[in-house]
Amino acid sequence: MNIKKLMTLCCLFVAAVFPEMAAKPAFALEKTQYNVIEKQENFELREYPSFVVAETYMEGDFETVGNGGFRRLAAYIGGENVKNQSISMTSPVTQEAQSEKIAMTAPVTQEKKGNLWRITFMMPSKYTMDGLPRPNDDRVNLTLEPPKLVAAVRYSGTWARERYEENEAKLLSWINVNGWKVTGQAIWARYDPPFMPWFLRRNEIMLPVEIE
């Protein structure tokens, strides 16, 4: 079976199992914007502007913390947040917390922070820190990511730790060849949902760097 036919079958499967995603583009998600400074095969040197993220911290194994963090952040953007809103006086008087749904974006990122893993969702670009509703879950925070320069490697395949470490080693080698200095922890970015076939997934590893 050729790759084109296999991709078509995968799309038909998604449409059958997830009809609500077939009604509108399932993968037409707003993605983090960046400028490519240098490119070599599947490696890139990128410049990122500042943007807002929802973040949460998870303790556990590399391959399992992402699921828990994803669910926690997905609950926030799905409506588990508080939006303070003025309501005109009427009779009777009622009071309730107003929830607001927030569009999904890509990628979901994961990085090590001491003994914890930081999981983030980028917030849609139309929002500012002041315009976003406060999370109901105090384990979810909103924060402004600073501008940064990163070296990145893009790869397909499974989300296994072995696959991650293999590509992280390749990225570090590319950084060393260029004489750049790593200035922070590696960030793992996953652009696709779990039901996406492993060979079609877009995965990335990014390392903050400094060019001397």
# chains A, B, ... in the order shown; residues from 1 in each chain; ligands from 1

$ residues_around --residues "Glu204 in chain A" --least-positions-apart "2" --cutoff "9 Å" --atoms "only C-alpha atoms" --output "PyMOL selection string"
chain A and resi 152-156+164+167+187-191+202+206

$ select_by_dssp --residues "range 26-182 of chain A" --states "strand (DSSP E)" --output "NGL selection string"
:A and (30-31 or 35-40 or 43-48 or 51-58 or 81-82 or 105-106 or 108-113 or 116-122 or 134-135 or 141-145 or 148-155 or 181-182)

$ atom_distance --atom1 "CA of Gly79 in chain A" --atom2 "CA of Thr109 in chain A"
20.7 Å

$ residues_around --residues "Leu172 in chain A" --least-positions-apart "6" --cutoff "12 Å" --atoms "only C-alpha atoms" --output "mmCIF file with N, CA and C atoms, in the first residue's frame"
data_model
loop_
_atom_site.group_PDB
_atom_site.id
_atom_site.type_symbol
_atom_site.label_atom_id
_atom_site.label_comp_id
_atom_site.auth_asym_id
_atom_site.auth_seq_id
_atom_site.Cartn_x
_atom_site.Cartn_y
_atom_site.Cartn_z
ATOM 1 N N PHE A 43 16.799 21.007 10.554
ATOM 2 C CA PHE A 43 17.232 21.862 11.667
ATOM 3 C C PHE A 43 16.939 23.322 11.331
ATOM 4 N N VAL A 150 16.018 30.100 19.518
ATOM 5 C CA VAL A 150 16.141 28.662 19.769
ATOM 6 C C VAL A 150 16.657 27.940 18.539
ATOM 7 N N ALA A 151 17.341 26.836 18.793
ATOM 8 C CA ALA A 151 17.695 25.890 17.733
ATOM 9 C C ALA A 151 16.677 24.765 17.827
ATOM 10 N N ALA A 152 16.151 24.330 16.686
ATOM 11 C CA ALA A 152 15.086 23.331 16.687
ATOM 12 C C ALA A 152 15.371 22.226 15.684
ATOM 13 N N VAL A 153 14.894 21.036 16.016
ATOM 14 C CA VAL A 153 14.942 19.914 15.088
ATOM 15 C C VAL A 153 13.522 19.371 14.963
ATOM 16 N N GLU A 165 15.319 11.288 22.700
ATOM 17 C CA GLU A 165 16.742 11.409 23.026
ATOM 18 C C GLU A 165 17.617 11.295 21.785
ATOM 19 N N GLU A 166 17.194 10.468 20.838
ATOM 20 C CA GLU A 166 17.936 10.328 19.580
ATOM 21 C C GLU A 166 17.999 11.659 18.836
ATOM 22 N N ASN A 178 27.915 24.594 14.978
ATOM 23 C CA ASN A 178 27.768 26.022 14.688
ATOM 24 C C ASN A 178 28.388 26.924 15.751
ATOM 25 N N GLY A 179 28.866 26.323 16.825
ATOM 26 C CA GLY A 179 29.536 27.104 17.861
ATOM 27 C C GLY A 179 28.603 27.929 18.723
ATOM 28 N N TRP A 180 27.345 27.507 18.842
ATOM 29 C CA TRP A 180 26.385 28.240 19.664
ATOM 30 C C TRP A 180 26.386 27.709 21.095
ATOM 31 N N LYS A 181 25.878 28.518 22.023
ATOM 32 C CA LYS A 181 25.850 28.155 23.437
ATOM 33 C C LYS A 181 24.417 27.883 23.871
ATOM 34 N N VAL A 182 24.185 26.710 24.457
ATOM 35 C CA VAL A 182 22.854 26.373 24.977
ATOM 36 C C VAL A 182 22.620 27.147 26.278
ATOM 37 N N GLN A 185 16.798 24.791 29.202
ATOM 38 C CA GLN A 185 16.338 23.411 29.099
ATOM 39 C C GLN A 185 15.710 23.137 27.732
ATOM 40 N N ALA A 186 15.767 21.879 27.329
ATOM 41 C CA ALA A 186 15.131 21.468 26.079
ATOM 42 C C ALA A 186 13.613 21.535 26.212
ATOM 43 N N ILE A 205 12.035 19.350 18.937
ATOM 44 C CA ILE A 205 12.786 19.627 20.139
ATOM 45 C C ILE A 205 13.463 20.967 19.923
ATOM 46 N N MET A 206 13.345 21.854 20.924
ATOM 47 C CA MET A 206 13.937 23.183 20.832
ATOM 48 C C MET A 206 14.853 23.436 22.016
ATOM 49 N N LEU A 207 15.974 24.057 21.750
ATOM 50 C CA LEU A 207 16.913 24.433 22.801
ATOM 51 C C LEU A 207 17.222 25.921 22.688
ATOM 52 N N PRO A 208 17.009 26.695 23.769
ATOM 53 C CA PRO A 208 17.380 28.110 23.746
ATOM 54 C C PRO A 208 18.896 28.233 23.558
ATOM 55 N N VAL A 209 19.301 29.134 22.681
ATOM 56 C CA VAL A 209 20.731 29.277 22.385
ATOM 57 C C VAL A 209 21.141 30.745 22.368
#

$ closest_residue --among "A:Gln40, A:Gly114, A:Thr64, A:Thr183" --to "Glu212 in chain A" --atoms "only C-alpha atoms"
A:Thr183

$ residues_around --residues "Val53 in chain A" --least-positions-apart "2" --cutoff "9 Å" --atoms "only C-alpha atoms" --output "PyMOL selection string"
chain A and resi 51+55+120-124+141-145

$ write_last_selection --atoms "C-alpha atoms" --output "mmCIF file, in the first residue's frame"
data_model
loop_
_atom_site.group_PDB
_atom_site.id
_atom_site.type_symbol
_atom_site.label_atom_id
_atom_site.label_comp_id
_atom_site.auth_asym_id
_atom_site.auth_seq_id
_atom_site.Cartn_x
_atom_site.Cartn_y
_atom_site.Cartn_z
ATOM 1 C CA PHE A 51 3.384 35.353 23.640
ATOM 2 C CA GLU A 55 1.148 26.503 32.039
ATOM 3 C CA THR A 120 2.146 24.701 28.187
ATOM 4 C CA PHE A 121 -0.511 25.707 25.692
ATOM 5 C CA MET A 122 -0.002 28.860 23.664
ATOM 6 C CA MET A 123 -2.993 31.154 23.963
ATOM 7 C CA PRO A 124 -4.571 32.467 20.735
ATOM 8 C CA ASN A 141 -1.214 29.714 35.493
ATOM 9 C CA LEU A 142 -1.071 32.298 32.744
ATOM 10 C CA THR A 143 2.337 33.721 31.944
ATOM 11 C CA LEU A 144 4.051 35.790 29.280
ATOM 12 C CA GLU A 145 6.850 33.977 27.484
#

$ closest_residue --among "A:Asn203, A:Ser50, A:Asn136, A:Thr128" --to "Leu73 in chain A" --atoms "only C-alpha atoms"
A:Asn136

$ select_by_dssp --residues "range 26-198 of chain A" --states "helix (DSSP H, G or I)" --output "PyMOL selection string"
chain A and resi 65-77+161-178+198

$ write_last_selection --atoms "N, CA and C atoms" --output "mmCIF file, in the first residue's frame"
data_model
loop_
_atom_site.group_PDB
_atom_site.id
_atom_site.type_symbol
_atom_site.label_atom_id
_atom_site.label_comp_id
_atom_site.auth_asym_id
_atom_site.auth_seq_id
_atom_site.Cartn_x
_atom_site.Cartn_y
_atom_site.Cartn_z
ATOM 1 N N VAL A 65 3.748 12.293 31.883
ATOM 2 C CA VAL A 65 3.317 13.587 32.444
ATOM 3 C C VAL A 65 2.544 14.421 31.426
ATOM 4 N N GLY A 66 2.844 14.233 30.142
ATOM 5 C CA GLY A 66 2.183 15.033 29.120
ATOM 6 C C GLY A 66 0.681 14.837 29.096
ATOM 7 N N ASN A 67 0.218 13.599 29.319
ATOM 8 C CA ASN A 67 -1.208 13.328 29.282
ATOM 9 C C ASN A 67 -1.959 14.045 30.399
ATOM 10 N N GLY A 68 -1.406 13.979 31.611
ATOM 11 C CA GLY A 68 -2.043 14.654 32.736
ATOM 12 C C GLY A 68 -2.030 16.160 32.577
ATOM 13 N N GLY A 69 -0.897 16.693 32.131
ATOM 14 C CA GLY A 69 -0.802 18.136 31.924
ATOM 15 C C GLY A 69 -1.731 18.608 30.821
ATOM 16 N N PHE A 70 -1.825 17.815 29.756
ATOM 17 C CA PHE A 70 -2.715 18.157 28.651
ATOM 18 C C PHE A 70 -4.159 18.233 29.129
ATOM 19 N N ARG A 71 -4.598 17.232 29.887
ATOM 20 C CA ARG A 71 -5.982 17.228 30.367
ATOM 21 C C ARG A 71 -6.274 18.433 31.257
ATOM 22 N N ARG A 72 -5.304 18.788 32.095
ATOM 23 C CA ARG A 72 -5.497 19.921 33.012
ATOM 24 C C ARG A 72 -5.635 21.226 32.238
ATOM 25 N N LEU A 73 -4.780 21.422 31.236
ATOM 26 C CA LEU A 73 -4.845 22.651 30.441
ATOM 27 C C LEU A 73 -6.039 22.647 29.502
ATOM 28 N N ALA A 74 -6.388 21.470 28.971
ATOM 29 C CA ALA A 74 -7.550 21.368 28.093
ATOM 30 C C ALA A 74 -8.823 21.722 28.843
ATOM 31 N N ALA A 75 -8.879 21.359 30.134
ATOM 32 C CA ALA A 75 -10.046 21.715 30.942
ATOM 33 C C ALA A 75 -10.167 23.231 31.054
ATOM 34 N N TYR A 76 -9.022 23.904 31.208
ATOM 35 C CA TYR A 76 -9.048 25.370 31.297
ATOM 36 C C TYR A 76 -9.566 25.992 30.016
ATOM 37 N N ILE A 77 -9.014 25.628 28.869
ATOM 38 C CA ILE A 77 -9.462 26.253 27.629
ATOM 39 C C ILE A 77 -10.850 25.767 27.219
ATOM 40 N N ARG A 161 10.480 8.058 24.621
ATOM 41 C CA ARG A 161 11.659 8.754 25.124
ATOM 42 C C ARG A 161 12.885 8.459 24.265
ATOM 43 N N GLU A 162 13.014 7.215 23.814
ATOM 44 C CA GLU A 162 14.167 6.835 22.982
ATOM 45 C C GLU A 162 14.226 7.679 21.716
ATOM 46 N N ARG A 163 13.072 7.907 21.095
ATOM 47 C CA ARG A 163 13.004 8.718 19.878
ATOM 48 C C ARG A 163 13.373 10.166 20.179
ATOM 49 N N TYR A 164 12.899 10.664 21.311
ATOM 50 C CA TYR A 164 13.226 12.026 21.748
ATOM 51 C C TYR A 164 14.726 12.197 21.957
ATOM 52 N N GLU A 165 15.319 11.288 22.700
ATOM 53 C CA GLU A 165 16.742 11.409 23.026
ATOM 54 C C GLU A 165 17.617 11.295 21.785
ATOM 55 N N GLU A 166 17.194 10.468 20.838
ATOM 56 C CA GLU A 166 17.936 10.328 19.580
ATOM 57 C C GLU A 166 17.999 11.659 18.836
ATOM 58 N N ASN A 167 16.872 12.358 18.780
ATOM 59 C CA ASN A 167 16.829 13.628 18.046
ATOM 60 C C ASN A 167 17.416 14.786 18.856
ATOM 61 N N GLU A 168 17.344 14.696 20.180
ATOM 62 C CA GLU A 168 17.988 15.712 21.008
ATOM 63 C C GLU A 168 19.502 15.664 20.798
ATOM 64 N N ALA A 169 20.058 14.465 20.682
ATOM 65 C CA ALA A 169 21.496 14.311 20.445
ATOM 66 C C ALA A 169 21.892 14.914 19.097
ATOM 67 N N LYS A 170 21.053 14.723 18.087
ATOM 68 C CA LYS A 170 21.318 15.298 16.766
ATOM 69 C C LYS A 170 21.292 16.825 16.831
ATOM 70 N N LEU A 171 20.327 17.368 17.584
ATOM 71 C CA LEU A 171 20.216 18.818 17.708
ATOM 72 C C LEU A 171 21.427 19.399 18.429
ATOM 73 N N LEU A 172 21.854 18.752 19.502
ATOM 74 C CA LEU A 172 23.032 19.218 20.239
ATOM 75 C C LEU A 172 24.279 19.193 19.360
ATOM 76 N N SER A 173 24.394 18.178 18.528
ATOM 77 C CA SER A 173 25.527 18.091 17.609
ATOM 78 C C SER A 173 25.505 19.260 16.623
ATOM 79 N N TRP A 174 24.324 19.590 16.091
ATOM 80 C CA TRP A 174 24.197 20.709 15.143
ATOM 81 C C TRP A 174 24.546 22.030 15.811
ATOM 82 N N ILE A 175 24.124 22.187 17.057
ATOM 83 C CA ILE A 175 24.441 23.401 17.819
ATOM 84 C C ILE A 175 25.949 23.521 18.025
ATOM 85 N N ASN A 176 26.586 22.422 18.388
ATOM 86 C CA ASN A 176 28.034 22.440 18.630
ATOM 87 C C ASN A 176 28.814 22.737 17.357
ATOM 88 N N VAL A 177 28.383 22.198 16.242
ATOM 89 C CA VAL A 177 29.047 22.447 14.963
ATOM 90 C C VAL A 177 29.013 23.936 14.625
ATOM 91 N N ASN A 178 27.915 24.594 14.978
ATOM 92 C CA ASN A 178 27.768 26.022 14.688
ATOM 93 C C ASN A 178 28.388 26.924 15.751
ATOM 94 N N TRP A 198 1.563 7.693 13.793
ATOM 95 C CA TRP A 198 2.882 8.102 14.261
ATOM 96 C C TRP A 198 3.775 8.637 13.160
#

$ residues_around --residues "Pro135 in chain A" --least-positions-apart "6" --cutoff "7 Å" --atoms "only C-alpha atoms" --output "CSV table (one decimal) with all heavy atoms, in the first residue's frame"
chain,number,residue,atom,x,y,z
A,76,TYR,N,-9.0,23.9,31.2
A,76,TYR,CA,-9.0,25.4,31.3
A,76,TYR,C,-9.6,26.0,30.0
A,76,TYR,O,-10.5,26.8,30.0
A,76,TYR,CB,-7.6,25.9,31.6
A,76,TYR,CG,-7.5,27.4,31.4
A,76,TYR,CD1,-8.2,28.3,32.2
A,76,TYR,CD2,-6.7,27.9,30.4
A,76,TYR,CE1,-8.1,29.7,31.9
A,76,TYR,CE2,-6.6,29.3,30.1
A,76,TYR,CZ,-7.3,30.1,30.9
A,76,TYR,OH,-7.3,31.5,30.7
A,80,GLU,N,-13.3,25.7,32.0
A,80,GLU,CA,-13.1,25.8,33.4
A,80,GLU,C,-12.2,27.0,33.8
A,80,GLU,O,-11.1,26.8,34.2
A,80,GLU,CB,-12.5,24.4,33.9
A,80,GLU,CG,-13.4,23.3,33.8
A,80,GLU,CD,-12.9,22.0,34.4
A,80,GLU,OE1,-11.9,22.1,35.2
A,80,GLU,OE2,-13.4,20.9,34.2
A,81,ASN,N,-12.8,28.1,33.7
A,81,ASN,CA,-12.2,29.4,34.0
A,81,ASN,C,-13.2,30.4,34.5
A,81,ASN,O,-14.4,30.2,34.3
A,81,ASN,CB,-11.4,29.9,32.8
A,81,ASN,CG,-12.3,30.0,31.6
A,81,ASN,OD1,-13.2,30.9,31.4
A,81,ASN,ND2,-12.1,29.1,30.6
A,82,VAL,N,-12.8,31.5,35.1
A,82,VAL,CA,-13.7,32.5,35.6
A,82,VAL,C,-13.5,33.8,34.9
A,82,VAL,O,-12.4,34.3,34.8
A,82,VAL,CB,-13.5,32.7,37.1
A,82,VAL,CG1,-14.4,33.8,37.7
A,82,VAL,CG2,-13.8,31.4,37.9

$ atom_distance --atom1 "CA of Arg134 in chain A" --atom2 "CA of Ala103 in chain A"
15.4 Å

$ closest_residue --among "A:Ile119, A:Ala54, A:Leu29, A:Leu200" --to "Ala106 in chain A" --atoms "only C-alpha atoms"
A:Leu29

$ residues_around --residues "Val36 in chain A" --least-positions-apart "5" --cutoff "8 Å" --atoms "only C-alpha atoms" --output "list in words"
Glu44, Leu45, Arg46 and Glu47 of chain A

$ write_last_selection --atoms "N, CA, C and O atoms" --output "PDB file, in the first residue's frame"
ATOM      1  N   GLU A  44      16.569  24.106  12.348  1.00  0.00           N
ATOM      2  CA  GLU A  44      16.323  25.534  12.153  1.00  0.00           C
ATOM      3  C   GLU A  44      16.797  26.332  13.356  1.00  0.00           C
ATOM      4  O   GLU A  44      16.692  25.865  14.503  1.00  0.00           O
ATOM      5  N   LEU A  45      17.298  27.523  13.071  1.00  0.00           N
ATOM      6  CA  LEU A  45      17.556  28.521  14.105  1.00  0.00           C
ATOM      7  C   LEU A  45      16.399  29.510  14.012  1.00  0.00           C
ATOM      8  O   LEU A  45      16.174  30.102  12.953  1.00  0.00           O
ATOM      9  N   ARG A  46      15.650  29.662  15.101  1.00  0.00           N
ATOM     10  CA  ARG A  46      14.425  30.455  15.082  1.00  0.00           C
ATOM     11  C   ARG A  46      14.440  31.586  16.101  1.00  0.00           C
ATOM     12  O   ARG A  46      15.026  31.457  17.179  1.00  0.00           O
ATOM     13  N   GLU A  47      13.708  32.627  15.740  1.00  0.00           N
ATOM     14  CA  GLU A  47      13.522  33.762  16.635  1.00  0.00           C
ATOM     15  C   GLU A  47      12.036  33.855  16.971  1.00  0.00           C
ATOM     16  O   GLU A  47      11.205  34.021  16.082  1.00  0.00           O
TER      17      GLU A  47
END

$ residues_around --residues "Gly60 in chain A" --least-positions-apart "2" --cutoff "9 Å" --atoms "only C-alpha atoms" --output "CSV table (one decimal) with all heavy atoms, in the first residue's frame"
chain,number,residue,atom,x,y,z
A,58,MET,N,3.9,19.2,36.3
A,58,MET,CA,3.5,17.8,36.6
A,58,MET,C,4.8,17.1,37.1
A,58,MET,O,5.9,17.4,36.6
A,58,MET,CB,3.0,17.1,35.4
A,58,MET,CG,1.7,17.7,34.8
A,58,MET,SD,0.3,17.5,35.8
A,58,MET,CE,0.1,15.7,35.7
A,62,PHE,N,8.7,11.0,32.0
A,62,PHE,CA,8.8,11.7,30.7
A,62,PHE,C,7.6,11.4,29.8
A,62,PHE,O,7.0,12.3,29.3
A,62,PHE,CB,10.1,11.4,30.0
A,62,PHE,CG,10.2,12.0,28.6
A,62,PHE,CD1,10.6,13.3,28.4
A,62,PHE,CD2,9.8,11.2,27.5
A,62,PHE,CE1,10.7,13.8,27.1
A,62,PHE,CE2,9.9,11.7,26.2
A,62,PHE,CZ,10.4,13.0,26.0
A,63,GLU,N,7.3,10.1,29.7
A,63,GLU,CA,6.3,9.7,28.7
A,63,GLU,C,4.9,9.8,29.2
A,63,GLU,O,3.9,9.6,28.4
A,63,GLU,CB,6.6,8.3,28.2
A,63,GLU,CG,7.9,8.2,27.4
A,63,GLU,CD,8.2,6.8,26.9
A,63,GLU,OE1,7.3,5.9,27.0
A,63,GLU,OE2,9.3,6.5,26.4
A,64,THR,N,4.7,10.0,30.5
A,64,THR,CA,3.3,10.0,31.1
A,64,THR,C,2.8,11.4,31.5
A,64,THR,O,1.6,11.6,31.6
A,64,THR,CB,3.2,9.0,32.2
A,64,THR,OG1,4.1,9.4,33.3
A,64,THR,CG2,3.5,7.6,31.8
A,65,VAL,N,3.7,12.3,31.9
A,65,VAL,CA,3.3,13.6,32.4
A,65,VAL,C,2.5,14.4,31.4
A,65,VAL,O,1.7,15.2,31.8
A,65,VAL,CB,4.5,14.4,33.0
A,65,VAL,CG1,5.1,13.7,34.2
A,65,VAL,CG2,5.6,14.6,31.9
A,115,ASN,N,12.6,18.9,39.4
A,115,ASN,CA,12.0,17.5,39.4
A,115,ASN,C,10.6,17.5,38.8
A,115,ASN,O,9.9,16.5,38.8
A,115,ASN,CB,11.9,17.1,40.9
A,115,ASN,CG,13.2,16.8,41.5
A,115,ASN,OD1,14.1,16.4,40.9
A,115,ASN,ND2,13.3,17.1,42.8
A,116,LEU,N,10.2,18.7,38.2
A,116,LEU,CA,8.9,18.8,37.6
A,116,LEU,C,9.0,19.0,36.1
A,116,LEU,O,10.0,19.4,35.6
A,116,LEU,CB,8.1,20.0,38.2
A,116,LEU,CG,7.9,19.9,39.7
A,116,LEU,CD1,7.3,21.2,40.2
A,116,LEU,CD2,7.0,18.7,40.1
A,117,TRP,N,7.9,18.7,35.4
A,117,TRP,CA,7.8,19.0,34.0
A,117,TRP,C,6.8,20.2,33.8
A,117,TRP,O,5.7,20.2,34.4
A,117,TRP,CB,7.3,17.8,33.2
A,117,TRP,CG,8.3,16.7,33.2
A,117,TRP,CD1,8.4,15.7,34.1
A,117,TRP,CD2,9.3,16.5,32.2
A,117,TRP,NE1,9.5,14.9,33.7
A,117,TRP,CE2,10.0,15.4,32.5
A,117,TRP,CE3,9.7,17.3,31.1
A,117,TRP,CZ2,11.1,14.9,31.8
A,117,TRP,CZ3,10.8,16.8,30.3
A,117,TRP,CH2,11.5,15.6,30.7

$ decode --residues "range 56-148 of chain A" --atoms "C-alpha atoms" --output "PDB file, in the first residue's frame"
ATOM      1  CA  THR A  56       0.993  23.732  34.598  1.00  0.00           C
ATOM      2  CA  TYR A  57       3.631  21.629  36.360  1.00  0.00           C
ATOM      3  CA  MET A  58       3.537  17.838  36.596  1.00  0.00           C
ATOM      4  CA  GLU A  59       5.713  15.352  38.466  1.00  0.00           C
ATOM      5  CA  GLY A  60       6.302  11.964  36.912  1.00  0.00           C
ATOM      6  CA  ASP A  61       7.840  10.048  34.025  1.00  0.00           C
ATOM      7  CA  PHE A  62       8.768  11.726  30.747  1.00  0.00           C
ATOM      8  CA  GLU A  63       6.287   9.688  28.693  1.00  0.00           C
ATOM      9  CA  THR A  64       3.311  10.028  31.061  1.00  0.00           C
ATOM     10  CA  VAL A  65       3.317  13.587  32.444  1.00  0.00           C
ATOM     11  CA  GLY A  66       2.183  15.033  29.120  1.00  0.00           C
ATOM     12  CA  ASN A  67      -1.208  13.328  29.282  1.00  0.00           C
ATOM     13  CA  GLY A  68      -2.043  14.654  32.736  1.00  0.00           C
ATOM     14  CA  GLY A  69      -0.802  18.136  31.924  1.00  0.00           C
ATOM     15  CA  PHE A  70      -2.715  18.157  28.651  1.00  0.00           C
ATOM     16  CA  ARG A  71      -5.982  17.228  30.367  1.00  0.00           C
ATOM     17  CA  ARG A  72      -5.497  19.921  33.012  1.00  0.00           C
ATOM     18  CA  LEU A  73      -4.845  22.651  30.441  1.00  0.00           C
ATOM     19  CA  ALA A  74      -7.550  21.368  28.093  1.00  0.00           C
ATOM     20  CA  ALA A  75     -10.046  21.715  30.942  1.00  0.00           C
ATOM     21  CA  TYR A  76      -9.048  25.370  31.297  1.00  0.00           C
ATOM     22  CA  ILE A  77      -9.462  26.253  27.629  1.00  0.00           C
ATOM     23  CA  GLY A  78     -12.626  24.151  27.491  1.00  0.00           C
ATOM     24  CA  GLY A  79     -14.405  26.423  29.938  1.00  0.00           C
ATOM     25  CA  GLU A  80     -13.091  25.752  33.447  1.00  0.00           C
ATOM     26  CA  ASN A  81     -12.187  29.391  34.001  1.00  0.00           C
ATOM     27  CA  VAL A  82     -13.739  32.457  35.628  1.00  0.00           C
ATOM     28  CA  LYS A  83     -14.600  35.564  33.647  1.00  0.00           C
ATOM     29  CA  ASN A  84     -15.610  38.572  35.764  1.00  0.00           C
ATOM     30  CA  GLN A  85     -18.498  40.237  33.949  1.00  0.00           C
ATOM     31  CA  SER A  86     -20.847  43.121  34.802  1.00  0.00           C
ATOM     32  CA  ILE A  87     -24.567  42.259  34.505  1.00  0.00           C
ATOM     33  CA  SER A  88     -27.343  44.841  34.265  1.00  0.00           C
ATOM     34  CA  MET A  89     -29.808  44.959  37.157  1.00  0.00           C
ATOM     35  CA  THR A  90     -33.000  42.945  36.567  1.00  0.00           C
ATOM     36  CA  SER A  91     -35.567  41.109  38.657  1.00  0.00           C
ATOM     37  CA  PRO A  92     -35.014  38.522  39.970  1.00  0.00           C
ATOM     38  CA  VAL A  93     -31.331  38.901  40.783  1.00  0.00           C
ATOM     39  CA  THR A  94     -29.150  35.889  39.925  1.00  0.00           C
ATOM     40  CA  GLN A  95     -25.403  35.456  40.096  1.00  0.00           C
ATOM     41  CA  GLU A  96     -23.151  32.839  38.458  1.00  0.00           C
ATOM     42  CA  ALA A  97     -19.599  32.513  37.243  1.00  0.00           C
ATOM     43  CA  GLN A  98     -19.325  32.986  33.490  1.00  0.00           C
ATOM     44  CA  SER A  99     -17.115  30.580  31.539  1.00  0.00           C
ATOM     45  CA  GLU A 100     -15.395  31.249  28.257  1.00  0.00           C
ATOM     46  CA  LYS A 101     -14.087  28.654  25.803  1.00  0.00           C
ATOM     47  CA  ILE A 102     -10.674  29.321  24.280  1.00  0.00           C
ATOM     48  CA  ALA A 103      -9.543  28.014  20.886  1.00  0.00           C
ATOM     49  CA  MET A 104      -7.022  25.174  20.798  1.00  0.00           C
ATOM     50  CA  THR A 105      -3.559  25.969  19.445  1.00  0.00           C
ATOM     51  CA  ALA A 106      -0.453  24.001  18.609  1.00  0.00           C
ATOM     52  CA  PRO A 107       2.027  22.871  19.712  1.00  0.00           C
ATOM     53  CA  VAL A 108       1.736  21.492  23.230  1.00  0.00           C
ATOM     54  CA  THR A 109       5.166  21.855  24.812  1.00  0.00           C
ATOM     55  CA  GLN A 110       6.911  20.002  27.621  1.00  0.00           C
ATOM     56  CA  GLU A 111      10.145  20.881  29.399  1.00  0.00           C
ATOM     57  CA  LYS A 112      11.953  19.819  32.581  1.00  0.00           C
ATOM     58  CA  LYS A 113      11.954  22.205  35.580  1.00  0.00           C
ATOM     59  CA  GLY A 114      13.935  20.670  38.428  1.00  0.00           C
ATOM     60  CA  ASN A 115      11.990  17.546  39.426  1.00  0.00           C
ATOM     61  CA  LEU A 116       8.890  18.780  37.621  1.00  0.00           C
ATOM     62  CA  TRP A 117       7.754  19.030  34.007  1.00  0.00           C
ATOM     63  CA  ARG A 118       6.244  22.267  32.715  1.00  0.00           C
ATOM     64  CA  ILE A 119       3.403  21.711  30.214  1.00  0.00           C
ATOM     65  CA  THR A 120       2.146  24.701  28.187  1.00  0.00           C
ATOM     66  CA  PHE A 121      -0.511  25.707  25.692  1.00  0.00           C
ATOM     67  CA  MET A 122      -0.002  28.860  23.664  1.00  0.00           C
ATOM     68  CA  MET A 123      -2.993  31.154  23.963  1.00  0.00           C
ATOM     69  CA  PRO A 124      -4.571  32.467  20.735  1.00  0.00           C
ATOM     70  CA  SER A 125      -2.853  35.667  19.573  1.00  0.00           C
ATOM     71  CA  LYS A 126      -6.035  37.754  19.924  1.00  0.00           C
ATOM     72  CA  TYR A 127      -5.741  37.468  23.725  1.00  0.00           C
ATOM     73  CA  THR A 128      -3.606  39.527  26.097  1.00  0.00           C
ATOM     74  CA  MET A 129      -2.841  38.620  29.693  1.00  0.00           C
ATOM     75  CA  ASP A 130      -5.520  41.053  30.858  1.00  0.00           C
ATOM     76  CA  GLY A 131      -8.086  39.688  28.415  1.00  0.00           C
ATOM     77  CA  LEU A 132      -7.834  36.034  29.456  1.00  0.00           C
ATOM     78  CA  PRO A 133     -10.170  34.582  32.117  1.00  0.00           C
ATOM     79  CA  ARG A 134      -8.594  33.350  35.341  1.00  0.00           C
ATOM     80  CA  PRO A 135      -8.311  29.538  35.636  1.00  0.00           C
ATOM     81  CA  ASN A 136     -10.529  27.791  38.200  1.00  0.00           C
ATOM     82  CA  ASP A 137      -7.708  25.308  38.854  1.00  0.00           C
ATOM     83  CA  ASP A 138      -4.928  26.979  40.843  1.00  0.00           C
ATOM     84  CA  ARG A 139      -2.455  24.533  39.290  1.00  0.00           C
ATOM     85  CA  VAL A 140      -2.915  26.343  35.963  1.00  0.00           C
ATOM     86  CA  ASN A 141      -1.214  29.714  35.493  1.00  0.00           C
ATOM     87  CA  LEU A 142      -1.071  32.298  32.744  1.00  0.00           C
ATOM     88  CA  THR A 143       2.337  33.721  31.944  1.00  0.00           C
ATOM     89  CA  LEU A 144       4.051  35.790  29.280  1.00  0.00           C
ATOM     90  CA  GLU A 145       6.850  33.977  27.484  1.00  0.00           C
ATOM     91  CA  PRO A 146       9.819  36.271  26.765  1.00  0.00           C
ATOM     92  CA  PRO A 147      11.263  36.606  23.248  1.00  0.00           C
ATOM     93  CA  LYS A 148      13.871  33.923  22.617  1.00  0.00           C
TER      94      LYS A 148
END
